file data28.txt (compact mmCIF, C-alpha atoms)
# COMPACT_ATOMS: atom_id res chain seq x y z
CA MET A 1 79.79 157.28 98.64
CA ALA A 2 76.23 157.74 99.88
CA ARG A 3 73.51 157.50 97.25
CA ARG A 4 70.14 159.22 97.12
CA ILE A 5 67.34 156.68 96.73
CA VAL A 6 63.70 157.50 96.02
CA LEU A 7 61.53 154.66 97.32
CA ALA A 8 57.79 154.44 96.68
CA GLY A 9 55.57 151.97 98.49
CA ALA A 10 57.92 151.77 101.46
CA SER A 11 55.14 151.17 103.99
CA GLY A 12 54.76 147.57 102.84
CA PHE A 13 56.77 144.58 103.90
CA ILE A 14 59.15 144.55 100.92
CA GLY A 15 59.59 148.32 100.79
CA THR A 16 60.37 148.46 104.49
CA ALA A 17 63.08 145.82 104.13
CA VAL A 18 64.63 147.61 101.14
CA ALA A 19 64.59 150.99 102.90
CA GLU A 20 66.31 149.50 105.96
CA ALA A 21 68.95 147.82 103.78
CA PHE A 22 69.80 151.01 101.88
CA ARG A 23 69.93 153.11 105.04
CA ALA A 24 72.23 150.53 106.63
CA GLU A 25 74.61 151.20 103.72
CA GLY A 26 74.55 154.90 104.53
CA ASP A 27 72.27 155.96 101.68
CA GLU A 28 69.72 158.75 101.89
CA VAL A 29 66.26 157.28 101.30
CA LEU A 30 63.33 159.54 100.38
CA LEU A 31 59.94 157.87 100.85
CA VAL A 32 56.94 158.43 98.58
CA GLY A 33 53.50 157.49 99.87
CA ARG A 34 49.88 158.55 100.15
CA SER A 35 50.82 161.04 102.87
CA GLY A 36 54.59 161.18 102.49
CA PRO A 37 56.52 161.15 104.73
CA ASP A 38 58.93 162.85 102.31
CA VAL A 39 56.82 163.13 99.15
CA ALA A 40 53.08 162.55 98.72
CA TRP A 41 51.47 161.09 95.63
CA GLY A 42 49.81 163.85 93.65
CA ASP A 43 52.44 166.47 94.54
CA ALA A 44 53.99 166.51 91.09
CA ASP A 45 56.56 169.24 91.68
CA SER A 46 57.86 167.66 94.88
CA LEU A 47 58.18 164.32 93.12
CA VAL A 48 60.20 165.93 90.33
CA ARG A 49 62.53 167.50 92.89
CA ALA A 50 62.94 164.13 94.61
CA VAL A 51 63.88 162.16 91.48
CA ASP A 52 66.00 164.94 89.97
CA GLY A 53 69.60 163.91 90.64
CA ALA A 54 68.64 160.70 92.45
CA ASP A 55 70.88 157.68 91.98
CA LEU A 56 68.02 155.20 92.01
CA VAL A 57 64.21 155.12 92.00
CA VAL A 58 62.45 152.01 93.33
CA ASN A 59 58.68 151.59 93.24
CA PHE A 60 56.71 148.99 95.22
CA ALA A 61 53.43 150.92 95.37
CA GLY A 62 50.20 148.99 94.82
CA LYS A 63 47.20 147.64 96.71
CA SER A 64 47.69 144.11 98.03
CA VAL A 65 46.07 141.35 95.97
CA ASP A 66 45.27 139.48 99.19
CA CYS A 67 41.60 140.48 98.96
CA ARG A 68 38.39 139.48 97.23
CA TYR A 69 38.39 140.40 93.54
CA ASN A 70 35.18 142.40 93.58
CA GLU A 71 34.74 145.33 91.22
CA ALA A 72 35.95 147.99 93.67
CA ASN A 73 39.07 146.04 94.62
CA ARG A 74 39.85 145.23 90.99
CA ARG A 75 39.73 148.91 90.10
CA GLU A 76 41.98 149.86 93.02
CA ILE A 77 44.50 147.09 92.33
CA LEU A 78 44.87 148.41 88.79
CA ARG A 79 44.76 152.12 89.64
CA SER A 80 47.27 151.89 92.48
CA ARG A 81 49.84 150.29 90.18
CA VAL A 82 49.35 152.08 86.89
CA GLU A 83 48.78 155.60 88.23
CA THR A 84 51.77 155.58 90.57
CA THR A 85 54.02 154.17 87.85
CA THR A 86 52.77 156.79 85.40
CA GLU A 87 53.30 159.54 87.97
CA LEU A 88 56.90 158.48 88.47
CA ALA A 89 57.50 158.27 84.71
CA THR A 90 56.20 161.81 84.29
CA ALA A 91 58.42 163.10 87.10
CA ILE A 92 61.51 161.41 85.67
CA ALA A 93 60.75 162.84 82.22
CA ARG A 94 60.56 166.34 83.73
CA ALA A 95 63.79 166.03 85.73
CA GLU A 96 66.85 167.95 84.55
CA ASN A 97 69.09 165.16 85.87
CA PRO A 98 67.07 161.95 85.54
CA PRO A 99 68.06 158.96 87.65
CA PRO A 100 70.26 156.43 85.83
CA LEU A 101 68.14 153.51 87.08
CA TRP A 102 64.47 152.94 87.87
CA ILE A 103 63.41 149.59 89.34
CA ASN A 104 59.67 148.88 89.39
CA SER A 105 57.83 146.06 91.06
CA SER A 106 56.02 143.54 88.88
CA THR A 107 54.90 139.95 89.40
CA ALA A 108 55.69 136.43 88.25
CA THR A 109 51.92 135.96 88.02
CA ILE A 110 52.23 137.52 84.56
CA TYR A 111 53.11 134.06 83.24
CA ARG A 112 50.50 131.44 82.41
CA HIS A 113 49.47 128.63 84.73
CA ALA A 114 52.49 126.37 84.19
CA ASP A 115 52.81 122.78 85.36
CA ASP A 116 54.51 121.47 82.20
CA ARG A 117 57.69 123.54 82.05
CA PRO A 118 59.31 126.55 83.76
CA MET A 119 58.86 130.12 82.57
CA THR A 120 61.93 132.34 82.01
CA GLU A 121 62.30 135.88 80.72
CA THR A 122 63.15 134.56 77.23
CA THR A 123 60.92 131.48 76.96
CA GLY A 124 58.02 132.32 79.27
CA GLU A 125 54.48 132.58 77.95
CA LEU A 126 52.24 135.29 79.35
CA GLY A 127 48.90 134.17 80.68
CA GLU A 128 45.36 135.53 80.63
CA GLY A 129 42.75 136.72 83.09
CA PHE A 130 42.47 139.52 85.61
CA SER A 131 45.80 139.09 87.43
CA VAL A 132 47.77 138.76 84.21
CA GLY A 133 45.98 141.79 82.76
CA ILE A 134 47.01 143.83 85.80
CA ALA A 135 50.63 142.76 85.37
CA ARG A 136 50.61 143.57 81.65
CA ALA A 137 49.14 147.03 82.24
CA TRP A 138 51.65 147.67 85.03
CA GLU A 139 54.64 146.82 82.85
CA GLU A 140 53.21 148.75 79.90
CA ALA A 141 52.93 151.87 82.06
CA PHE A 142 56.52 151.31 83.13
CA PHE A 143 58.24 150.57 79.83
CA THR A 144 56.23 152.66 77.33
CA PRO A 145 57.16 156.28 78.23
CA PRO A 146 60.35 157.45 76.47
CA LEU A 147 63.03 157.88 79.15
CA PRO A 148 66.28 157.64 77.16
CA VAL A 149 68.64 158.37 80.08
CA THR A 150 67.09 155.98 82.61
CA ARG A 151 67.67 152.22 82.58
CA ARG A 152 64.51 150.39 83.58
CA VAL A 153 64.13 146.99 85.29
CA SER A 154 60.84 145.39 86.32
CA LEU A 155 61.06 142.79 89.09
CA ARG A 156 58.78 139.88 88.31
CA MET A 157 58.68 138.63 91.86
CA ALA A 158 57.27 135.34 93.03
CA ILE A 159 55.83 134.84 96.53
CA VAL A 160 58.24 136.63 98.86
CA LEU A 161 59.09 134.96 102.16
CA GLY A 162 59.87 137.28 105.04
CA ASP A 163 58.26 139.68 107.51
CA GLY A 164 54.59 139.69 106.59
CA SER A 165 51.28 138.20 107.58
CA ALA A 166 50.24 135.73 104.88
CA LEU A 167 52.31 132.89 106.36
CA VAL A 168 50.32 133.11 109.59
CA PRO A 169 47.31 131.14 108.23
CA LEU A 170 49.62 128.45 106.82
CA LEU A 171 51.43 128.17 110.15
CA ARG A 172 48.12 127.86 111.94
CA LEU A 173 46.91 125.22 109.51
CA ALA A 174 50.12 123.23 109.85
CA ARG A 175 50.16 123.40 113.65
CA SER A 176 46.48 122.38 113.85
CA GLY A 177 46.98 119.31 111.67
CA LEU A 178 45.36 120.85 108.57
CA GLY A 179 48.63 121.61 106.82
CA GLY A 180 48.33 119.18 103.94
CA ALA A 181 48.33 120.13 100.29
CA GLN A 182 45.81 122.63 98.93
CA LEU A 183 44.02 120.52 96.33
CA ASP A 184 42.54 122.03 93.20
CA GLY A 185 39.27 120.69 91.86
CA ARG A 186 36.14 121.63 89.99
CA TRP A 187 34.18 124.65 91.18
CA PRO A 188 31.22 126.35 89.50
CA ALA A 189 31.93 129.53 87.57
CA THR A 190 29.70 132.56 87.71
CA ALA A 191 29.04 134.81 84.71
CA GLU A 192 30.52 137.74 86.61
CA ARG A 193 33.78 135.94 87.35
CA LEU A 194 34.09 134.76 83.76
CA ARG A 195 33.57 138.33 82.49
CA ALA A 196 36.09 139.75 84.99
CA GLY A 197 38.68 137.04 84.32
CA THR A 198 38.86 136.12 88.02
CA TYR A 199 37.62 132.53 87.74
CA HIS A 200 40.36 129.97 88.42
CA ARG A 201 40.07 127.00 86.06
CA PHE A 202 40.88 123.55 87.41
CA ARG A 203 44.08 122.25 85.81
CA THR A 204 46.56 120.63 88.22
CA ARG A 205 45.69 117.68 90.45
CA TRP A 206 46.89 116.39 93.82
CA GLY A 207 48.55 119.59 95.06
CA ARG A 208 51.19 119.52 92.33
CA GLN A 209 50.67 123.14 91.29
CA ARG A 210 54.14 124.66 91.22
CA PHE A 211 55.24 127.02 93.98
CA SER A 212 57.83 129.63 92.97
CA TRP A 213 59.13 131.74 95.82
CA VAL A 214 61.99 134.00 96.93
CA HIS A 215 63.38 135.01 100.32
CA ILE A 216 63.25 138.71 101.19
CA ASP A 217 67.05 138.74 101.57
CA ASP A 218 67.32 137.78 97.91
CA VAL A 219 64.87 140.49 96.86
CA VAL A 220 67.21 143.01 98.50
CA GLY A 221 70.21 141.20 97.06
CA ALA A 222 68.73 141.17 93.55
CA ILE A 223 68.07 144.92 93.72
CA ARG A 224 71.67 145.57 94.72
CA PHE A 225 72.88 143.24 91.96
CA VAL A 226 70.75 144.94 89.29
CA ARG A 227 71.86 148.34 90.55
CA ASP A 228 75.51 147.40 90.13
CA ASP A 229 75.23 145.61 86.75
CA PRO A 230 74.43 148.06 83.92
CA ARG A 231 73.94 145.18 81.48
CA ILE A 232 70.61 144.23 83.06
CA SER A 233 67.42 145.87 81.84
CA GLY A 234 63.84 144.87 81.10
CA PRO A 235 61.87 142.23 83.01
CA VAL A 236 63.82 140.21 85.59
CA ASN A 237 62.41 137.14 87.34
CA VAL A 238 63.13 137.44 91.07
CA VAL A 239 62.56 133.87 92.20
CA SER A 240 64.57 131.11 93.81
CA PRO A 241 66.32 128.82 91.31
CA ASN A 242 64.68 125.89 93.15
CA PRO A 243 60.88 126.10 92.86
CA SER A 244 58.77 123.56 94.70
CA ASP A 245 55.15 122.49 94.45
CA ASN A 246 52.30 123.03 96.87
CA ARG A 247 52.35 119.50 98.32
CA THR A 248 56.12 119.60 98.90
CA MET A 249 55.98 123.16 100.22
CA MET A 250 53.43 122.24 102.88
CA ALA A 251 55.37 119.08 103.81
CA THR A 252 58.52 121.17 104.15
CA LEU A 253 56.73 123.65 106.41
CA ARG A 254 55.42 120.82 108.60
CA ARG A 255 58.90 119.34 108.86
CA VAL A 256 60.37 122.68 109.92
CA LEU A 257 57.62 123.06 112.53
CA GLY A 258 57.96 119.47 113.73
CA VAL A 259 54.36 118.57 112.82
CA PRO A 260 54.14 114.90 111.72
CA PHE A 261 51.00 115.04 109.54
CA GLY A 262 48.68 117.42 107.71
CA ILE A 263 45.16 116.86 106.37
CA PRO A 264 44.82 118.02 102.73
CA LEU A 265 42.28 120.76 101.97
CA PRO A 266 40.12 120.25 98.86
CA ARG A 267 39.01 123.16 96.73
CA PHE A 268 35.50 123.47 98.16
CA VAL A 269 37.01 123.99 101.62
CA LEU A 270 39.50 126.50 100.21
CA GLU A 271 36.74 128.40 98.40
CA LEU A 272 34.59 128.66 101.51
CA GLY A 273 37.59 129.61 103.63
CA SER A 274 38.72 132.28 101.17
CA MET A 275 35.27 133.86 101.28
CA LEU A 276 35.47 133.92 105.07
CA ILE A 277 38.92 135.54 105.28
CA ARG A 278 38.34 137.77 102.20
CA THR A 279 40.98 136.43 99.84
CA GLU A 280 41.15 134.38 96.62
CA THR A 281 42.02 130.73 96.00
CA GLU A 282 44.07 131.71 92.92
CA LEU A 283 46.87 132.70 95.29
CA VAL A 284 47.42 129.04 96.25
CA LEU A 285 45.96 127.16 93.26
CA LYS A 286 47.63 128.84 90.28
CA SER A 287 50.73 126.92 89.20
CA ARG A 288 53.65 129.36 89.14
CA TRP A 289 56.76 127.69 87.71
CA VAL A 290 59.32 130.43 87.15
CA LEU A 291 63.12 130.45 86.96
CA PRO A 292 65.56 133.39 87.41
CA GLU A 293 67.37 133.05 84.09
CA THR A 294 68.60 136.64 83.86
CA LEU A 295 69.95 136.77 87.40
CA THR A 296 71.68 133.40 87.32
CA GLU A 297 73.25 133.97 83.89
CA ALA A 298 74.53 137.35 85.09
CA GLY A 299 76.18 135.65 88.08
CA TYR A 300 73.84 136.40 91.00
CA ARG A 301 74.30 133.95 93.91
CA PHE A 302 71.19 133.40 96.00
CA GLU A 303 71.55 133.63 99.76
CA HIS A 304 68.56 131.32 100.29
CA PRO A 305 68.22 129.06 97.24
CA ASP A 306 66.47 126.22 99.11
CA LEU A 307 62.96 126.32 100.54
CA GLU A 308 63.65 124.43 103.78
CA ASP A 309 66.52 126.78 104.61
CA ALA A 310 64.28 129.77 103.91
CA PHE A 311 61.47 128.42 106.12
CA ARG A 312 63.88 127.65 108.95
CA ASP A 313 65.27 131.17 108.73
CA ILE A 314 61.73 132.54 108.99
CA VAL A 315 60.41 130.21 111.70
CA THR A 316 63.43 130.75 113.94
CA GLY A 317 62.35 134.37 114.19
CA ARG A 318 64.63 136.48 112.04
CA HIS A 319 61.79 136.81 109.53
CA SER A 320 58.21 135.86 110.19
CA GLY A 321 55.90 135.77 107.23
CA VAL A 322 55.24 135.52 103.53
CA VAL A 323 53.83 138.03 101.10
CA GLU A 324 52.21 137.62 97.59
CA PRO A 325 53.35 140.81 95.59
CA VAL A 326 50.69 140.60 93.05
call {"tool": "encode", "arguments": {"input": "data28.txt", "output": "structure tokens"}}
result
Amino acid sequence: MARRIVLAGASGFIGTAVAEAFRAEGDEVLLVGRSGPDVAWGDADSLVRAVDGADLVVNFAGKSVDCRYNEANRREILRSRVETTTELATAIARAENPPPLWINSSTATIYRHADDRPMTETTGELGEGFSVGIARAWEEAFFTPPLPVTRRVSLRMAIVLGDGSALVPLLRLARSGLGGAQLDGRWPATAERLRAGTYHRFRTRWGRQRFSWVHIDDVVGAIRFVRDDPRISGPVNVVSPNPSDNRTMMATLRRVLGVPFGIPLPRFVLELGSMLIRTETELVLKSRWVLPETLTEAGYRFEHPDLEDAFRDIVTGRHSGVVEPV
């Protein structure tokens, strides 16, 4: 039987893949975005009509964190997550027939820099700083409103491998011989970055910062699994059960590409490069060691549990990128 799905943030890489997957199953998918196409943010009555009687609401809306963390971008990263989540919560509360399930995007970056042990939903420790604060505010906006009829699941996603653009620089580095580990090190802090919580503190040496990841097929698969298992609610880590580290990840990428060597990049090079391409070194230097305890204990079987298999699937052309959700 066809379902009615309300999908926000469908213009992005993950949302596009999810919309295609649901439509392939014969579901009706209504898209919410800045200008529609089915419902526009800010049109409260239309949003209520969309969610009223829907089988599922999924929200991936939010400005990409692949940018410089200046004041304007920090405000927009927060606003684009909290306001859209709040708008959906208000619409669901107003609906006569609220959806039985609402799945909202979140991020595995909510956990602390971890190179000593993995973080799970039950044993994980939340971190501090700008990115963690965004994740906390996002989940608070999602879980706080009283919605007694609607089961809520937040997807704490790691770096998602699939159709996107962030893998392109890594591919270029690897093919040019610069695809070694990204090495953390000391870097001067500014008063502004310390106040904003955007300064990355040096912790993990020799490219051993952990790299948690998930293939886009398993993001779609996890959503289907959560949809069909009413026992699951609350935060869910959407990550491969086999995390790597930065040094191993880059070596794996080189092996898949057939590149025999890669020069490591120290932090000062990464900092200068990130200024040039308008991004942040935190995206590659923070140690994200996360495990999918809830999914694995509930019986989810990953389609791509191993990093080399995932990279080969991407490089051979079926998928061609990597995205950082938060």
call {"tool": "residues_around", "arguments": {"input": "data28.txt", "residues": "A:Gly221", "least_positions_apart": "4", "cutoff": "9 Å", "atoms": "only C-alpha atoms", "output": "PyMOL selection string"}}
result
chain A and resi 216-217+225-226+300-303
call {"tool": "closest_residue", "arguments": {"input": "data28.txt", "among": "A:Ala196, A:Leu170, A:Val236, A:Leu30", "to": "A:Gly129", "atoms": "only C-alpha atoms"}}
result
A:Ala196
call {"tool": "closest_residue", "arguments": {"input": "data28.txt", "among": "A:Ala89, A:Thr144, A:Arg312, A:Lys286", "to": "A:Val132", "atoms": "only C-alpha atoms"}}
result
A:Lys286
call {"tool": "closest_residue", "arguments": {"input": "data28.txt", "among": "A:Glu282, A:Glu28, A:Asp228, A:Glu271", "to": "A:Arg201", "atoms": "all atoms listed in the file"}}
result
A:Glu282
call {"tool": "residues_around", "arguments": {"input": "data28.txt", "residues": "A:Thr16", "least_positions_apart": "2", "cutoff": "12 Å", "atoms": "only C-alpha atoms", "output": "PDB file with C-alpha atoms, keeping the file's coordinate frame"}}
result
ATOM      1  CA  LEU A   7      61.530 154.660  97.320  1.00  0.00           C
ATOM      2  CA  ALA A   8      57.790 154.440  96.680  1.00  0.00           C
ATOM      3  CA  GLY A   9      55.570 151.970  98.490  1.00  0.00           C
ATOM      4  CA  ALA A  10      57.920 151.770 101.460  1.00  0.00           C
ATOM      5  CA  SER A  11      55.140 151.170 103.990  1.00  0.00           C
ATOM      6  CA  GLY A  12      54.760 147.570 102.840  1.00  0.00           C
ATOM      7  CA  PHE A  13      56.770 144.580 103.900  1.00  0.00           C
ATOM      8  CA  ILE A  14      59.150 144.550 100.920  1.00  0.00           C
ATOM      9  CA  VAL A  18      64.630 147.610 101.140  1.00  0.00           C
ATOM     10  CA  ALA A  19      64.590 150.990 102.900  1.00  0.00           C
ATOM     11  CA  GLU A  20      66.310 149.500 105.960  1.00  0.00           C
ATOM     12  CA  ALA A  21      68.950 147.820 103.780  1.00  0.00           C
ATOM     13  CA  PHE A  22      69.800 151.010 101.880  1.00  0.00           C
ATOM     14  CA  ARG A  23      69.930 153.110 105.040  1.00  0.00           C
ATOM     15  CA  VAL A  29      66.260 157.280 101.300  1.00  0.00           C
ATOM     16  CA  LEU A  31      59.940 157.870 100.850  1.00  0.00           C
ATOM     17  CA  VAL A  58      62.450 152.010  93.330  1.00  0.00           C
ATOM     18  CA  ASN A  59      58.680 151.590  93.240  1.00  0.00           C
ATOM     19  CA  PHE A  60      56.710 148.990  95.220  1.00  0.00           C
ATOM     20  CA  ALA A  61      53.430 150.920  95.370  1.00  0.00           C
ATOM     21  CA  GLY A 162      59.870 137.280 105.040  1.00  0.00           C
ATOM     22  CA  ASP A 163      58.260 139.680 107.510  1.00  0.00           C
ATOM     23  CA  GLY A 164      54.590 139.690 106.590  1.00  0.00           C
ATOM     24  CA  ILE A 216      63.250 138.710 101.190  1.00  0.00           C
ATOM     25  CA  VAL A 219      64.870 140.490  96.860  1.00  0.00           C
ATOM     26  CA  VAL A 220      67.210 143.010  98.500  1.00  0.00           C
TER      27      VAL A 220
END
call {"tool": "residues_around", "arguments": {"input": "data28.txt", "residues": "A:Ala40", "least_positions_apart": "2", "cutoff": "12 Å", "atoms": "all atoms listed in the file", "output": "MDAnalysis selection string"}}
result
chainID A and resid 7:9 30:38 42:48 50 84 87:88
call {"tool": "closest_residue", "arguments": {"input": "data28.txt", "among": "A:Glu192, A:Met249, A:Leu265, A:Pro241", "to": "A:Tyr69", "atoms": "all atoms listed in the file"}}
result
A:Glu192
call {"tool": "residues_near_point", "arguments": {"input": "data28.txt", "point": "(46.4, 123.3, 90.0)", "cutoff": "7 Å", "atoms": "all atoms listed in the file", "output": "PyMOL selection string"}}
result
chain A and resi 184+202-205+207-209+285-287
call {"tool": "write_last_selection", "arguments": {"input": "data28.txt", "atoms": "C-alpha atoms", "output": "PDB file, keeping the file's coordinate frame"}}
result
ATOM      1  CA  ASP A 184      42.540 122.030  93.200  1.00  0.00           C
ATOM      2  CA  PHE A 202      40.880 123.550  87.410  1.00  0.00           C
ATOM      3  CA  ARG A 203      44.080 122.250  85.810  1.00  0.00           C
ATOM      4  CA  THR A 204      46.560 120.630  88.220  1.00  0.00           C
ATOM      5  CA  ARG A 205      45.690 117.680  90.450  1.00  0.00           C
ATOM      6  CA  GLY A 207      48.550 119.590  95.060  1.00  0.00           C
ATOM      7  CA  ARG A 208      51.190 119.520  92.330  1.00  0.00           C
ATOM      8  CA  GLN A 209      50.670 123.140  91.290  1.00  0.00           C
ATOM      9  CA  LEU A 285      45.960 127.160  93.260  1.00  0.00           C
ATOM     10  CA  LYS A 286      47.630 128.840  90.280  1.00  0.00           C
ATOM     11  CA  SER A 287      50.730 126.920  89.200  1.00  0.00           C
TER      12      SER A 287
END
call {"tool": "residues_near_point", "arguments": {"input": "data28.txt", "point": "(60.5, 132.0, 96.3)", "cutoff": "10 Å", "atoms": "all atoms listed in the file", "output": "ChimeraX atom specification"}}
result
/A:157-161,211-216,218-219,238-244,290-291,304-307,310,322
call {"tool": "atom_distance", "arguments": {"input": "data28.txt", "atom1": "atom CA of A:Leu295", "atom2": "atom CA of A:Arg117"}}
result
18.8 Å
call {"tool": "atom_distance", "arguments": {"input": "data28.txt", "atom1": "atom CA of A:Pro260", "atom2": "atom CA of A:Gly273"}}
result
23.6 Å
call {"tool": "build_atoms", "arguments": {"input": "data28.txt", "residues": "stretch 74-91 of chain A", "atoms": "N, CA and C atoms", "output": "PDB file, in the coordinates of the input"}}
result
ATOM      1  N   ARG A  74      39.173 145.362  92.287  1.00  0.00           N
ATOM      2  CA  ARG A  74      39.850 145.230  90.990  1.00  0.00           C
ATOM      3  C   ARG A  74      40.276 146.597  90.461  1.00  0.00           C
ATOM      4  N   ARG A  75      39.390 147.556  90.568  1.00  0.00           N
ATOM      5  CA  ARG A  75      39.730 148.910  90.100  1.00  0.00           C
ATOM      6  C   ARG A  75      40.907 149.480  90.888  1.00  0.00           C
ATOM      7  N   GLU A  76      40.918 149.279  92.200  1.00  0.00           N
ATOM      8  CA  GLU A  76      41.980 149.860  93.020  1.00  0.00           C
ATOM      9  C   GLU A  76      43.311 149.133  92.817  1.00  0.00           C
ATOM     10  N   ILE A  77      43.266 147.828  92.621  1.00  0.00           N
ATOM     11  CA  ILE A  77      44.500 147.090  92.330  1.00  0.00           C
ATOM     12  C   ILE A  77      45.144 147.635  91.070  1.00  0.00           C
ATOM     13  N   LEU A  78      44.344 147.866  90.044  1.00  0.00           N
ATOM     14  CA  LEU A  78      44.870 148.410  88.790  1.00  0.00           C
ATOM     15  C   LEU A  78      45.321 149.852  88.955  1.00  0.00           C
ATOM     16  N   ARG A  79      44.450 150.687  89.513  1.00  0.00           N
ATOM     17  CA  ARG A  79      44.760 152.120  89.640  1.00  0.00           C
ATOM     18  C   ARG A  79      46.026 152.336  90.450  1.00  0.00           C
ATOM     19  N   SER A  80      46.155 151.642  91.575  1.00  0.00           N
ATOM     20  CA  SER A  80      47.270 151.890  92.480  1.00  0.00           C
ATOM     21  C   SER A  80      48.615 151.511  91.861  1.00  0.00           C
ATOM     22  N   ARG A  81      48.602 150.653  90.866  1.00  0.00           N
ATOM     23  CA  ARG A  81      49.840 150.290  90.180  1.00  0.00           C
ATOM     24  C   ARG A  81      50.127 151.190  88.989  1.00  0.00           C
ATOM     25  N   VAL A  82      49.127 151.342  88.134  1.00  0.00           N
ATOM     26  CA  VAL A  82      49.350 152.080  86.890  1.00  0.00           C
ATOM     27  C   VAL A  82      49.522 153.583  87.150  1.00  0.00           C
ATOM     28  N   GLU A  83      48.687 154.155  88.003  1.00  0.00           N
ATOM     29  CA  GLU A  83      48.780 155.600  88.230  1.00  0.00           C
ATOM     30  C   GLU A  83      50.081 155.994  88.920  1.00  0.00           C
ATOM     31  N   THR A  84      50.522 155.223  89.900  1.00  0.00           N
ATOM     32  CA  THR A  84      51.770 155.580  90.570  1.00  0.00           C
ATOM     33  C   THR A  84      52.962 155.415  89.630  1.00  0.00           C
ATOM     34  N   THR A  85      52.942 154.361  88.825  1.00  0.00           N
ATOM     35  CA  THR A  85      54.020 154.170  87.850  1.00  0.00           C
ATOM     36  C   THR A  85      54.038 155.291  86.836  1.00  0.00           C
ATOM     37  N   THR A  86      52.866 155.692  86.356  1.00  0.00           N
ATOM     38  CA  THR A  86      52.770 156.790  85.400  1.00  0.00           C
ATOM     39  C   THR A  86      53.237 158.103  86.015  1.00  0.00           C
ATOM     40  N   GLU A  87      52.889 158.311  87.285  1.00  0.00           N
ATOM     41  CA  GLU A  87      53.300 159.540  87.970  1.00  0.00           C
ATOM     42  C   GLU A  87      54.819 159.617  88.099  1.00  0.00           C
ATOM     43  N   LEU A  88      55.447 158.494  88.398  1.00  0.00           N
ATOM     44  CA  LEU A  88      56.900 158.480  88.470  1.00  0.00           C
ATOM     45  C   LEU A  88      57.530 158.705  87.099  1.00  0.00           C
ATOM     46  N   ALA A  89      56.970 158.084  86.066  1.00  0.00           N
ATOM     47  CA  ALA A  89      57.500 158.270  84.710  1.00  0.00           C
ATOM     48  C   ALA A  89      57.439 159.735  84.297  1.00  0.00           C
ATOM     49  N   THR A  90      56.341 160.397  84.621  1.00  0.00           N
ATOM     50  CA  THR A  90      56.200 161.810  84.290  1.00  0.00           C
ATOM     51  C   THR A  90      57.225 162.655  85.040  1.00  0.00           C
ATOM     52  N   ALA A  91      57.440 162.351  86.318  1.00  0.00           N
ATOM     53  CA  ALA A  91      58.420 163.100  87.100  1.00  0.00           C
ATOM     54  C   ALA A  91      59.829 162.904  86.553  1.00  0.00           C
TER      55      ALA A  91
END
